[in-house]
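Working notes, structure below.
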Amino acid sequence: MNTDMINRLIGIFLSIYLLSLFTRWGEIPTLSAWLGFLTWLFGAPKPYVSALVRDRLVVIWLALLAWALTCAILSAAPLLSLSAWFNSFDDHLLVVPPLVHLCMIGRAKDLARILAWAGVVIVALNALQYFDDFRKGIVDAPENWVRHRKWAYPLVLFSPFLIARIALTQGRVYLYWGIALLAVVLMVLASGARGAWLALFVAMLISGGWLFKQQRQAVVVTAVATLLALPPFLLLPQGEIVTQRLAQGFDTSERASGTWRPALDMSFQRPLLGHGPGIRAYQDEYRRQLDAHPHWSLREKPLSPHNFYLMALFGLGLPGLLLTLAVVAVTIVRLVSGLRKASDMETGLLPVALLASFVAHFVVRGSFETLSWHHMALFIGLAVGLSLSARDQVPK
């Protein structure tokens, strides 16, 4: 099989992976990740492997994986923690080398296009759920918004790539991408997830702020269309949740005493190794210590720290938290560096979209939610791939 066919297959498998990443399509993401990795491993030329394994971000990421494994083995419930380790850092890691490979052969722009289409897939799936709600007669139910909260994660994550497509297209296609972005904004608002509102605002601010210098008209038209759509949207049943959640405010009292404080209290008991990775370890430890901490406000059902970094501190101790922060910081630095080195608007769209998506998801949303580690692999693979590609490690 020739190199062109190998590269095409890797692109197909990764496209399937990205399009199915947040869906309920069974084992399709796992299968496509494995097929992409095996095709890369046995078929693709790899003149960049030496640079890849020595890359600072890859080294820090591998150190985090090793430390998490150590914490799992030495935890009070090693079997449970090892299972959580495999579930947290599992098949999704396989996409890192193929993502780097596609960046090295100049296919990064194709990946950006696929990520935008992945956003369209999520919009369509959420719309289908609303259609099902309407069919069942529960679209007007006061708490129906809770059923759509899970879609806020991918909607925010993929939104910067929709903005990138708007900047690159014209005419009717430009209009279609604009409608897709407008749907994302309205669906995130209807999710009632206030952390997602803030994350989406940050994502659009980063993307729109950079694009304003390049395509002022596109940014202005998109912003005006969104503002014009908000008043009629607020009159719909789905719009009522926005006013209700705003009326509640961004009160953090329950987070402080019900989620963040317990996570800190338990973390300080094992500051070096933590209690082991996984939400089950957190909930079991919470139940075990509940009677000894009357100031914890959530007495019936333990949830999670509702903070990605507090969860890292609880499960992996202070070294694990520092490694997590290092991964986040180096990823942001890489993407900012890639943005500065962009020679034109089209070249800079992928770094700025990745930066906006990463900051919105892991920095902003991660401050309010216990996120999955799975999606970190996507950003690491692309950040490393763009960085190595910019150094011109191999001829294109």
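Chain labels follow the order of the structure tokens: the first chain is A, the next B, and so on; residue numbering restarts at 1 in every chain, and ligands are counted from 1 in their shown order.
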
Restrict the calculation to only C-alpha atoms, then for each residue of range 313-353 of chain A with any atom at most 9 Å from an atom of range 112-119 of chain A give the closest atom pair and their distance in Å to one decimal, rows by chain and rising residue number, as JSON lines.
```
{"residue": "A:Leu349", "atom": "CA", "partner": "A:Ala112", "partner_atom": "CA", "distance": 8.5}
{"residue": "A:Leu350", "atom": "CA", "partner": "A:Ala112", "partner_atom": "CA", "distance": 6.1}
{"residue": "A:Ala353", "atom": "CA", "partner": "A:Ala112", "partner_atom": "CA", "distance": 8.4}
```

Exercise for review: Tell me, as a list of chain:residue names, which residues lie within 12 Å of Thr70 in chain A, counting only C-alpha atoms; anything in the same chain fewer than 6 positions away does not count.
Suggested key: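 The residues satisfying every condition are A:Ala63, A:Leu64, A:Pro78, A:Ser81, A:Leu82, A:Trp85, A:Leu272, A:Leu273, A:Gly274, A:His275, A:Gly276, A:Pro277, A:Gly315, A:Leu316, A:Gly317, A:Pro319, A:Gly320.
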
Check your understanding: Of the residues A:Trp67, A:Phe161, A:Ile12, A:Gly26, which is the one nearest to Leu321 in chain A, using only C-alpha atoms?
Key ->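 Smallest separation from Leu321 in chain A among the options: A:Trp67.
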
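Of the listed residues (A:Ala127, A:Leu168, A:Val188, A:Ile6), A:Ile6 comes nearest to Gly43 in chain A; the distances count only C-alpha atoms.
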